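Structure file entry29.txt (compact mmCIF, C-alpha atoms) is printed below.
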# COMPACT_ATOMS: atom_id res chain seq x y z
CA MET A 33 4.31 -17.41 115.98
CA LEU A 34 7.88 -17.34 117.33
CA ASN A 35 8.28 -21.09 116.74
CA ASN A 36 7.08 -21.00 113.14
CA LYS A 37 8.42 -19.19 110.11
CA VAL A 38 6.52 -15.93 109.67
CA THR A 39 5.16 -15.38 106.17
CA ILE A 40 3.78 -12.40 104.26
CA ALA A 41 0.34 -13.96 104.74
CA ASP A 42 0.81 -13.86 108.52
CA ILE A 43 1.66 -10.16 108.43
CA ALA A 44 -1.27 -9.46 106.11
CA LYS A 45 -3.66 -11.26 108.49
CA GLU A 46 -2.27 -9.40 111.49
CA LEU A 47 -2.78 -6.01 109.83
CA ASN A 48 -5.93 -6.88 107.89
CA LEU A 49 -4.21 -6.08 104.59
CA THR A 50 -3.79 -8.01 101.35
CA GLY A 51 -0.66 -10.06 100.75
CA ALA A 52 0.11 -7.92 97.69
CA THR A 53 0.04 -4.74 99.76
CA VAL A 54 2.39 -6.23 102.36
CA SER A 55 4.76 -7.46 99.64
CA ARG A 56 4.89 -4.01 98.00
CA ALA A 57 5.54 -2.35 101.34
CA LEU A 58 8.34 -4.76 102.29
CA ASN A 59 10.05 -4.24 98.93
CA ASN A 60 9.60 -0.44 98.90
CA ARG A 61 7.62 -0.60 95.67
CA LYS A 62 5.25 2.02 94.36
CA GLY A 63 1.57 1.70 95.19
CA THR A 64 1.70 1.92 99.00
CA SER A 65 1.64 4.99 101.21
CA GLU A 66 4.47 5.90 103.53
CA GLU A 67 2.17 5.25 106.48
CA THR A 68 1.35 1.73 105.26
CA ARG A 69 4.99 0.97 104.51
CA LYS A 70 6.08 1.95 108.03
CA LEU A 71 3.19 -0.01 109.55
CA VAL A 72 4.09 -3.15 107.62
CA GLN A 73 7.82 -2.90 108.31
CA ALA A 74 7.18 -2.36 112.03
CA ALA A 75 4.93 -5.43 112.14
CA ALA A 76 7.49 -7.49 110.21
CA GLU A 77 10.19 -6.58 112.71
CA LYS A 78 7.92 -7.27 115.69
CA MET A 79 6.89 -10.68 114.28
CA ASN A 80 10.52 -11.55 113.44
CA TYR A 81 9.82 -11.89 109.72
CA ARG A 82 12.76 -13.08 107.60
CA ARG A 83 12.57 -12.96 103.82
CA ASP A 84 13.18 -16.22 101.96
CA ARG A 85 15.87 -14.74 99.74
CA ILE A 86 16.05 -17.74 97.40
CA ALA A 87 12.32 -17.76 96.74
CA TRP A 88 12.28 -13.98 96.42
CA SER A 89 15.19 -14.11 93.99
CA LEU A 90 13.43 -16.69 91.82
CA ARG A 91 10.25 -14.59 91.73
CA SER A 92 11.92 -11.25 91.13
CA GLY A 93 14.87 -12.33 88.99
CA ARG A 94 17.09 -10.32 91.34
CA THR A 95 19.53 -11.29 94.08
CA ASN A 96 20.22 -7.75 95.36
CA ILE A 97 23.92 -8.63 95.24
CA ILE A 98 26.58 -6.84 93.21
CA GLY A 99 30.15 -7.97 92.60
CA VAL A 100 33.14 -5.63 92.82
CA ILE A 101 36.57 -6.44 91.36
CA ILE A 102 39.46 -4.38 92.76
CA PRO A 103 43.12 -4.74 91.70
CA SER A 104 44.50 -4.64 95.25
CA ALA A 105 43.16 -4.40 98.78
CA GLU A 106 46.54 -3.04 99.94
CA ILE A 107 46.00 0.27 98.16
CA ASN A 108 43.91 2.72 100.17
CA PHE A 109 42.55 4.22 96.95
CA PHE A 110 40.48 1.12 96.18
CA GLY A 111 39.34 0.75 99.78
CA SER A 112 38.03 4.30 99.63
CA VAL A 113 36.17 3.62 96.37
CA VAL A 114 34.62 0.50 97.92
CA HIS A 115 33.51 2.63 100.88
CA GLY A 116 31.60 4.84 98.44
CA ILE A 117 30.09 1.81 96.71
CA GLU A 118 28.99 0.18 99.97
CA SER A 119 27.45 3.37 101.34
CA MET A 120 25.16 3.53 98.29
CA ALA A 121 24.54 -0.22 98.25
CA ASN A 122 23.36 -0.13 101.87
CA GLN A 123 20.92 2.66 101.08
CA HIS A 124 19.43 0.61 98.25
CA GLY A 125 19.30 -2.74 100.05
CA TYR A 126 22.17 -4.36 98.12
CA ASN A 127 24.91 -6.63 99.41
CA VAL A 128 28.44 -6.36 98.01
CA LEU A 129 30.84 -9.20 97.13
CA ILE A 130 34.46 -8.08 96.75
CA TYR A 131 37.13 -9.98 94.80
CA GLN A 132 40.79 -8.95 94.59
CA SER A 133 42.48 -9.52 91.23
CA ASN A 134 46.05 -8.95 92.48
CA GLU A 135 46.59 -7.13 89.17
CA LYS A 136 46.30 -10.41 87.22
CA PRO A 137 43.78 -11.32 84.50
CA GLU A 138 43.46 -14.92 85.68
CA TYR A 139 42.07 -13.69 89.00
CA GLU A 140 39.70 -11.37 87.19
CA LYS A 141 38.36 -14.38 85.32
CA LYS A 142 37.89 -16.32 88.58
CA ALA A 143 36.05 -13.34 90.05
CA ILE A 144 33.73 -13.15 87.07
CA GLU A 145 33.03 -16.89 87.21
CA THR A 146 32.19 -16.58 90.90
CA PHE A 147 29.94 -13.57 90.37
CA LEU A 148 28.05 -15.11 87.45
CA SER A 149 27.49 -18.37 89.35
CA THR A 150 26.21 -16.33 92.29
CA ARG A 151 23.82 -14.60 89.87
CA VAL A 152 24.82 -11.10 90.92
CA ASP A 153 22.63 -8.28 89.60
CA GLY A 154 25.63 -6.37 88.28
CA ILE A 155 29.42 -6.02 88.40
CA LEU A 156 31.74 -3.08 89.09
CA ALA A 157 35.36 -3.56 88.06
CA SER A 158 38.71 -1.81 87.87
CA ILE A 159 40.99 -3.43 85.27
CA ALA A 160 44.17 -5.18 86.46
CA LYS A 161 47.51 -3.77 85.32
CA GLU A 162 48.46 -7.03 83.61
CA THR A 163 45.19 -7.36 81.66
CA MET A 164 45.70 -6.79 77.94
CA GLU A 165 42.93 -9.03 76.55
CA PHE A 166 39.33 -8.38 77.51
CA SER A 167 37.21 -11.33 76.36
CA HIS A 168 36.20 -12.13 79.95
CA TYR A 169 34.70 -8.67 80.34
CA LEU A 170 32.97 -8.91 76.97
CA GLU A 171 31.41 -12.18 78.14
CA ILE A 172 29.70 -10.30 80.96
CA LYS A 173 28.37 -7.82 78.44
CA GLU A 174 27.19 -10.59 76.09
CA ARG A 175 25.30 -12.29 78.92
CA GLY A 176 23.40 -9.08 79.56
CA VAL A 177 24.77 -8.65 83.08
CA PRO A 178 25.20 -4.94 83.87
CA LEU A 179 28.88 -3.97 84.04
CA VAL A 180 30.54 -0.66 84.93
CA PHE A 181 34.26 0.10 85.04
CA PHE A 182 35.70 2.49 87.62
CA ASP A 183 39.08 4.25 87.61
CA ARG A 184 40.68 1.90 85.06
CA ALA A 185 38.48 1.61 82.00
CA ASN A 186 38.78 0.72 78.32
CA ASP A 187 36.72 3.01 76.10
CA SER A 188 37.01 0.69 73.07
CA LEU A 189 34.81 -1.90 74.83
CA ASN A 190 31.84 0.51 74.99
CA ILE A 191 31.27 -0.36 78.64
CA PRO A 192 30.02 2.45 80.91
CA SER A 193 32.64 3.84 83.28
CA VAL A 194 33.38 6.31 86.06
CA VAL A 195 36.84 7.87 85.96
CA VAL A 196 38.70 10.96 87.05
CA ASP A 197 40.08 13.33 84.41
CA ASP A 198 43.59 11.85 84.45
CA PHE A 199 44.85 14.15 81.70
CA LYS A 200 43.80 17.24 83.61
CA GLY A 201 45.17 15.94 86.92
CA ALA A 202 48.57 15.25 85.35
CA TYR A 203 48.49 18.69 83.72
CA TYR A 204 47.82 20.34 87.10
CA ALA A 205 50.65 18.39 88.77
CA THR A 206 53.22 19.21 86.10
CA GLU A 207 52.24 22.87 85.79
CA HIS A 208 52.43 23.25 89.58
CA LEU A 209 56.05 22.05 89.58
CA LEU A 210 56.95 24.48 86.80
CA LYS A 211 55.29 27.38 88.62
CA GLN A 212 57.25 26.47 91.74
CA GLY A 213 60.41 27.23 89.77
CA TYR A 214 61.59 23.74 88.83
CA LYS A 215 63.23 23.78 85.40
CA ARG A 216 63.46 20.14 84.32
CA VAL A 217 60.41 18.11 85.28
CA ALA A 218 60.54 14.36 84.65
CA HIS A 219 57.70 11.84 84.63
CA ILE A 220 57.66 8.29 86.00
CA ALA A 221 55.05 6.69 83.75
CA GLY A 222 52.96 3.53 84.06
CA GLN A 223 52.04 0.80 81.62
CA GLN A 224 50.72 2.53 78.50
CA HIS A 225 48.12 -0.11 77.59
CA LEU A 226 46.07 1.26 80.50
CA LYS A 227 44.25 4.43 79.53
CA ILE A 228 44.68 6.17 82.88
CA PHE A 229 48.47 5.96 82.69
CA LYS A 230 48.52 6.98 79.03
CA ASP A 231 46.33 10.00 79.79
CA ARG A 232 48.62 11.03 82.65
CA LEU A 233 51.63 10.93 80.32
CA GLU A 234 49.78 13.05 77.77
CA GLY A 235 48.74 15.54 80.46
CA TYR A 236 52.36 15.86 81.55
CA LYS A 237 53.51 16.52 77.99
CA ALA A 238 50.75 19.06 77.35
CA ALA A 239 51.64 21.03 80.49
CA LEU A 240 55.28 21.22 79.42
CA THR A 241 54.39 22.35 75.90
CA ASP A 242 51.86 24.96 77.06
CA ASN A 243 54.48 26.43 79.39
CA GLY A 244 57.14 26.66 76.70
CA VAL A 245 59.20 23.72 77.97
CA PRO A 246 60.37 21.12 75.43
CA VAL A 247 59.30 17.50 75.90
CA GLU A 248 62.40 15.31 76.29
CA ASP A 249 61.96 11.57 75.88
CA GLU A 250 64.88 10.85 78.22
CA LEU A 251 62.96 12.48 81.08
CA VAL A 252 60.17 9.89 80.87
CA TYR A 253 60.84 6.65 82.74
CA PHE A 254 58.43 3.75 82.15
CA GLY A 255 57.95 1.64 85.28
CA ASP A 256 55.56 -0.94 86.70
CA VAL A 257 53.81 1.41 89.15
CA SER A 258 55.43 0.45 92.46
CA ILE A 259 57.73 1.74 95.19
CA ASN A 260 60.63 -0.07 93.52
CA ALA A 261 59.82 1.57 90.18
CA GLY A 262 60.08 4.96 91.88
CA ARG A 263 63.49 4.10 93.26
CA GLN A 264 64.74 2.78 89.92
CA ALA A 265 63.42 5.84 88.11
CA ILE A 266 65.36 8.23 90.36
CA GLN A 267 68.53 6.17 89.89
CA TYR A 268 68.09 6.42 86.12
CA LEU A 269 67.14 10.11 86.09
CA LEU A 270 69.99 11.27 88.33
CA ALA A 271 72.50 9.45 86.11
CA LEU A 272 71.50 11.53 83.07
CA PRO A 273 74.01 14.11 81.75
CA GLN A 274 71.38 16.76 82.62
CA PRO A 275 69.30 15.31 85.45
CA PRO A 276 65.88 16.73 86.31
CA ASP A 277 65.11 18.76 89.42
CA ALA A 278 61.52 17.52 89.85
CA VAL A 279 59.34 14.54 89.03
CA PHE A 280 55.65 13.90 88.55
CA ALA A 281 55.01 10.25 89.40
CA VAL A 282 52.11 8.30 87.89
CA GLU A 283 50.77 7.38 91.36
CA ASP A 284 51.65 7.73 95.02
CA PHE A 285 53.45 4.46 95.71
CA THR A 286 55.78 5.25 92.80
CA ALA A 287 56.21 8.77 94.23
CA LEU A 288 56.97 7.25 97.64
CA GLY A 289 59.75 5.18 96.08
CA ALA A 290 61.13 8.34 94.48
CA VAL A 291 61.11 10.16 97.83
CA LYS A 292 62.85 7.24 99.56
CA GLU A 293 65.62 7.11 96.94
CA LEU A 294 66.15 10.89 96.99
CA LYS A 295 66.40 10.85 100.80
CA ASP A 296 68.87 7.94 100.68
CA LYS A 297 71.00 10.09 98.37
CA HIS A 298 70.67 13.05 100.78
CA ILE A 299 68.95 15.22 98.19
CA ASP A 300 66.79 17.90 99.78
CA ILE A 301 63.05 17.75 99.07
CA PRO A 302 61.68 20.21 98.00
CA GLY A 303 64.68 22.55 97.99
CA ALA A 304 66.74 20.65 95.41
CA PHE A 305 64.10 18.31 94.02
CA GLY A 306 60.29 18.43 93.86
CA VAL A 307 57.93 15.42 93.85
CA VAL A 308 54.21 15.10 93.06
CA GLY A 309 52.22 11.86 92.98
CA PHE A 310 48.69 10.90 91.97
CA ALA A 311 45.88 9.31 94.06
CA ASN A 312 46.17 11.13 97.42
CA GLU A 313 46.84 7.94 99.39
CA SER A 314 46.33 8.05 103.16
CA PHE A 315 50.08 8.00 103.88
CA ASP A 316 50.72 11.21 101.92
CA GLU A 317 50.14 13.50 104.89
CA HIS A 318 52.16 11.37 107.29
CA ILE A 319 55.54 11.01 105.60
CA THR A 320 58.36 13.57 105.73
CA PRO A 321 58.15 15.66 103.69
CA SER A 322 54.39 15.30 103.19
CA LEU A 323 53.62 14.24 99.62
CA SER A 324 51.87 16.44 97.08
CA SER A 325 49.30 14.54 95.05
CA ILE A 326 46.13 14.62 92.98
CA ASP A 327 42.93 13.56 94.72
CA GLN A 328 40.70 11.35 92.54
CA GLN A 329 37.52 11.84 94.60
CA THR A 330 37.49 8.17 95.47
CA VAL A 331 34.35 8.04 97.61
CA GLU A 332 32.41 9.99 95.01
CA MET A 333 33.80 7.66 92.33
CA GLY A 334 32.36 4.69 94.21
CA LYS A 335 28.99 6.37 94.63
CA GLU A 336 28.81 7.36 90.95
CA ALA A 337 29.81 3.87 89.86
CA PHE A 338 26.97 2.39 91.93
CA ARG A 339 24.47 4.94 90.59
CA LEU A 340 25.48 4.15 87.03
CA LEU A 341 25.20 0.41 87.69
CA MET A 342 21.71 0.94 89.10
CA GLU A 343 20.68 2.71 85.89
CA LEU A 344 21.78 -0.38 83.97
CA ILE A 345 20.11 -2.80 86.38
CA GLU A 346 16.83 -0.90 86.21
CA GLY A 347 17.13 -0.95 82.43
CA ASN A 348 17.82 -4.73 82.44
CA GLY A 349 21.39 -4.23 81.29
CA VAL A 350 20.44 -2.14 78.26
CA VAL A 351 22.27 1.14 77.67
CA SER A 352 19.45 3.47 76.64
CA GLN A 353 19.70 7.03 75.39
CA GLN A 354 18.98 8.17 78.93
CA THR A 355 21.71 6.01 80.50
CA ARG A 356 25.02 7.78 81.08
CA THR A 357 27.89 5.92 79.43
CA LYS A 358 30.77 7.78 81.07
CA VAL A 359 31.14 9.89 84.19
CA VAL A 360 34.32 11.98 84.41
CA LEU A 361 35.16 13.44 87.82
CA GLU A 362 37.22 16.56 88.36
CA PRO A 363 40.68 15.99 89.91
CA VAL A 364 41.48 17.94 93.09
CA THR A 365 45.00 19.20 93.83
CA ARG A 366 46.57 18.44 97.21
CA PHE A 367 49.89 20.25 97.14
CA ARG A 368 52.02 19.68 100.26
CA GLN A 369 55.66 19.99 101.34
CA SER A 370 57.28 17.77 98.70
CA SER A 371 56.65 20.29 95.92
CA GLN A 372 56.36 23.64 97.74
CA LYS A 373 59.68 25.15 96.72
CA GLN A 374 58.46 28.74 96.99

Could I get this file's structure written as structure tokens?
Amino acid sequence: MLNNKVTIADIAKELNLTGATVSRALNNRKGTSEETRKLVQAAAEKMNYRRDRIAWSLRSGRTNIIGVIIPSAEINFFGSVVHGIESMANQHGYNVLIYQSNEKPEYEKKAIETFLSTRVDGILASIAKETMEFSHYLEIKERGVPLVFFDRANDSLNIPSVVVDDFKGAYYATEHLLKQGYKRVAHIAGQQHLKIFKDRLEGYKAALTDNGVPVEDELVYFGDVSINAGRQAIQYLLALPQPPDAVFAVEDFTALGAVKELKDKHIDIPGAFGVVGFANESFDEHITPSLSSIDQQTVEMGKEAFRLLMELIEGNGVVSQQTRTKVVLEPVTRFRQSSQKQ
């Protein structure tokens, strides 16, 4: 037996069961008892059974592979989301292919081509910052391949998504700075064609208005979401006739750039200037001062994205009335030294 390829028929003969029963047990399908399933799987392991994945894929129409497109592997946020995705995928017997877009649409298109040629069962994606045209994502939808966005979504495409409440997170961050006694809170914004960055700008404005503080256009700096953008923003803001005394940055790398520039200018944080970011990156606790931020529940985001994709896969890519089309997670505040003025 060790020298020949073990088949389902071999296992069935060994256990005196039908081939159909063994097949159901190996694939965790309904119709077999827990006792039979364990018996079959133990025999399969003992006999060194290996599934012919190509033949199984042709019979089932499934590959048990999903593709994941992330904008950058250098950002801990996306690594944490992938951790959540993979933990769920492992539980459900799925393998995960990961493709990095480097924030460029041309790499997204290459990823999609690769995934479709691999015949993945579904795709999870976070939109690149430079993507402004979405035909490549609509092609996935038109082919009937299940697709779910996470973190960065586009509601106009009617594609299911899992996001954090960016508006509310930005509101919390801005209101926190005001309650700490800062009088002029600025915002370093991101590219406004991406909904998450637009929502964060709107949350910032709403918090100011609700707390009786006027919204001043000159206190909003539009950057490219990077450490350098944070530095440039502080240079611009401090040169204003009435500079701000705090800033809410669109994400943590931008906030890190702001902190670096303020420290280079020997401006005390948080005594003279407060800083809050967004994403709760792993470095936040380890810089001086530690960085206040908004936690996006990354692991839970990954798990929810996988669950939503499974709903679509089980429904053969069709969004039914029972299928959730959008999951919105609650942001969690992580206020640390950089904004604790009082």

Quick one: which range 298-368 of chain A residues come within 8 Å of range 190-212 of chain A, and what is the nearest atom pair for each with the distance in Å to one decimal, counting all atoms listed in the file, rows ordered by chain and ascending number, as JSON lines?
{"residue": "A:Gly306", "atom": "CA", "partner": "A:Leu209", "partner_atom": "CA", "distance": 7.0}
{"residue": "A:Val308", "atom": "CA", "partner": "A:Ala205", "partner_atom": "CA", "distance": 6.5}
{"residue": "A:Gly309", "atom": "CA", "partner": "A:Ala205", "partner_atom": "CA", "distance": 7.9}
{"residue": "A:Phe310", "atom": "CA", "partner": "A:Ala202", "partner_atom": "CA", "distance": 7.9}
{"residue": "A:Ser325", "atom": "CA", "partner": "A:Ala205", "partner_atom": "CA", "distance": 7.5}
{"residue": "A:Ile326", "atom": "CA", "partner": "A:Gly201", "partner_atom": "CA", "distance": 6.3}
{"residue": "A:Gln328", "atom": "CA", "partner": "A:Val196", "partner_atom": "CA", "distance": 5.9}
{"residue": "A:Gln329", "atom": "CA", "partner": "A:Val196", "partner_atom": "CA", "distance": 7.7}
{"residue": "A:Met333", "atom": "CA", "partner": "A:Val194", "partner_atom": "CA", "distance": 6.4}
{"residue": "A:Glu336", "atom": "CA", "partner": "A:Val194", "partner_atom": "CA", "distance": 6.8}
{"residue": "A:Ala337", "atom": "CA", "partner": "A:Val194", "partner_atom": "CA", "distance": 5.8}
{"residue": "A:Leu340", "atom": "CA", "partner": "A:Pro192", "partner_atom": "CA", "distance": 7.8}
{"residue": "A:Arg356", "atom": "CA", "partner": "A:Pro192", "partner_atom": "CA", "distance": 7.3}
{"residue": "A:Thr357", "atom": "CA", "partner": "A:Pro192", "partner_atom": "CA", "distance": 4.3}
{"residue": "A:Lys358", "atom": "CA", "partner": "A:Ser193", "partner_atom": "CA", "distance": 4.9}
{"residue": "A:Val359", "atom": "CA", "partner": "A:Val194", "partner_atom": "CA", "distance": 4.6}
{"residue": "A:Val360", "atom": "CA", "partner": "A:Val195", "partner_atom": "CA", "distance": 5.1}
{"residue": "A:Leu361", "atom": "CA", "partner": "A:Val196", "partner_atom": "CA", "distance": 4.4}
{"residue": "A:Glu362", "atom": "CA", "partner": "A:Asp197", "partner_atom": "CA", "distance": 5.8}
{"residue": "A:Pro363", "atom": "CA", "partner": "A:Gly201", "partner_atom": "CA", "distance": 5.4}
{"residue": "A:Val364", "atom": "CA", "partner": "A:Gly201", "partner_atom": "CA", "distance": 7.5}
{"residue": "A:Thr365", "atom": "CA", "partner": "A:Tyr204", "partner_atom": "CA", "distance": 7.4}

Closest to Asp316 in chain A among A:Ala143, A:Phe109, A:Asn127, A:Ala44, using all atoms listed in the file?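 Answer, going by the shortest atom-to-atom distance: A:Phe109.
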
Extract, using only C-alpha atoms, all DNA, RNA and protein residues at most 6 Å from Glu135 in chain A, discarding same-chain residues fewer than 3 positions from it, and format them as a list of chain:residue names.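 In the requested format, the answer is A:Pro103, A:Ala160, A:Lys161, A:Glu162.
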
Written file, previous selection with C-alpha atoms, as a PDB file, in the coordinates of the input:
ATOM      1  CA  PRO A 103      43.120  -4.740  91.700  1.00  0.00           C
ATOM      2  CA  ALA A 160      44.170  -5.180  86.460  1.00  0.00           C
ATOM      3  CA  LYS A 161      47.510  -3.770  85.320  1.00  0.00           C
ATOM      4  CA  GLU A 162      48.460  -7.030  83.610  1.00  0.00           C
TER       5      GLU A 162
END

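You can rank A:Phe285, A:Ile101, A:Leu49, A:Gly347 by their closest distance to Ile117 in chain A using all atoms listed in the file, and at the top of that list sits A:Ile101.
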
Two-atom distance - CA of Gly262 in chain A, CA of Phe305 in chain A (Å):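 CA of Phe305 in chain A lies at a distance of 14.1 Å from CA of Gly262 in chain A.
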
Figure out the distance between CA of Met342 in chain A and CA of Ile172 in chain A, please, to one decimal in Å. 16.0 Å

Report, in Å to a single decimal, how far apart CA of Val114 in chain A and CA of Ile319 in chain A are. 24.6 Å

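Closest to Glu346 in chain A among A:Val307, A:Val177, A:Val128, A:Val331 is A:Val177, based on all atoms listed in the file.
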
In file coordinates, which residues lie within 12 Å of (42.9, -4.8, 99.2) using only C-alpha atoms, given as a list in words? Val100, Ile101, Ile102, Pro103, Ser104, Ala105, Glu106, Ile107, Asn108, Phe109, Phe110, Gly111, Ser112, Val113, Val114, Ile130, Tyr131, Gln132, Ser133, Asn134 and Glu135 of chain A

Might you pull out every residue within 10 Å of Lys173 in chain A, with all atoms listed in the file counted and same-chain residues fewer than 3 positions away left off, and present them as a ChimeraX atom specification? /A:167-170,176-180,189-191,349-350

Identify, on the basis of all atoms listed in the file, every residue whose closest approach to range 67-74 of chain A does not exceed 8 Å; exclude the query and any residue fewer than 5 positions from it along the same chain; express the result as an NGL selection string. :A and (43 or 47 or 54 or 57-58 or 60)

Pick from A:Ser158, A:Glu174, A:Gly213, A:Pro246 nearest to Lys227 in chain A, counting all atoms listed in the file: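 For Lys227 in chain A, the nearest of the candidates is A:Ser158.
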
What's the 10 Å shell around range 218-226 of chain A, counting all atoms listed in the file, without same-chain residues fewer than 3 positions away, as a PyMOL selection string? chain A and resi 159-164+184-186+202+206+215+229-233+236-237+247-258+261-262+264-266+269+275-283+286-287+290+307-309
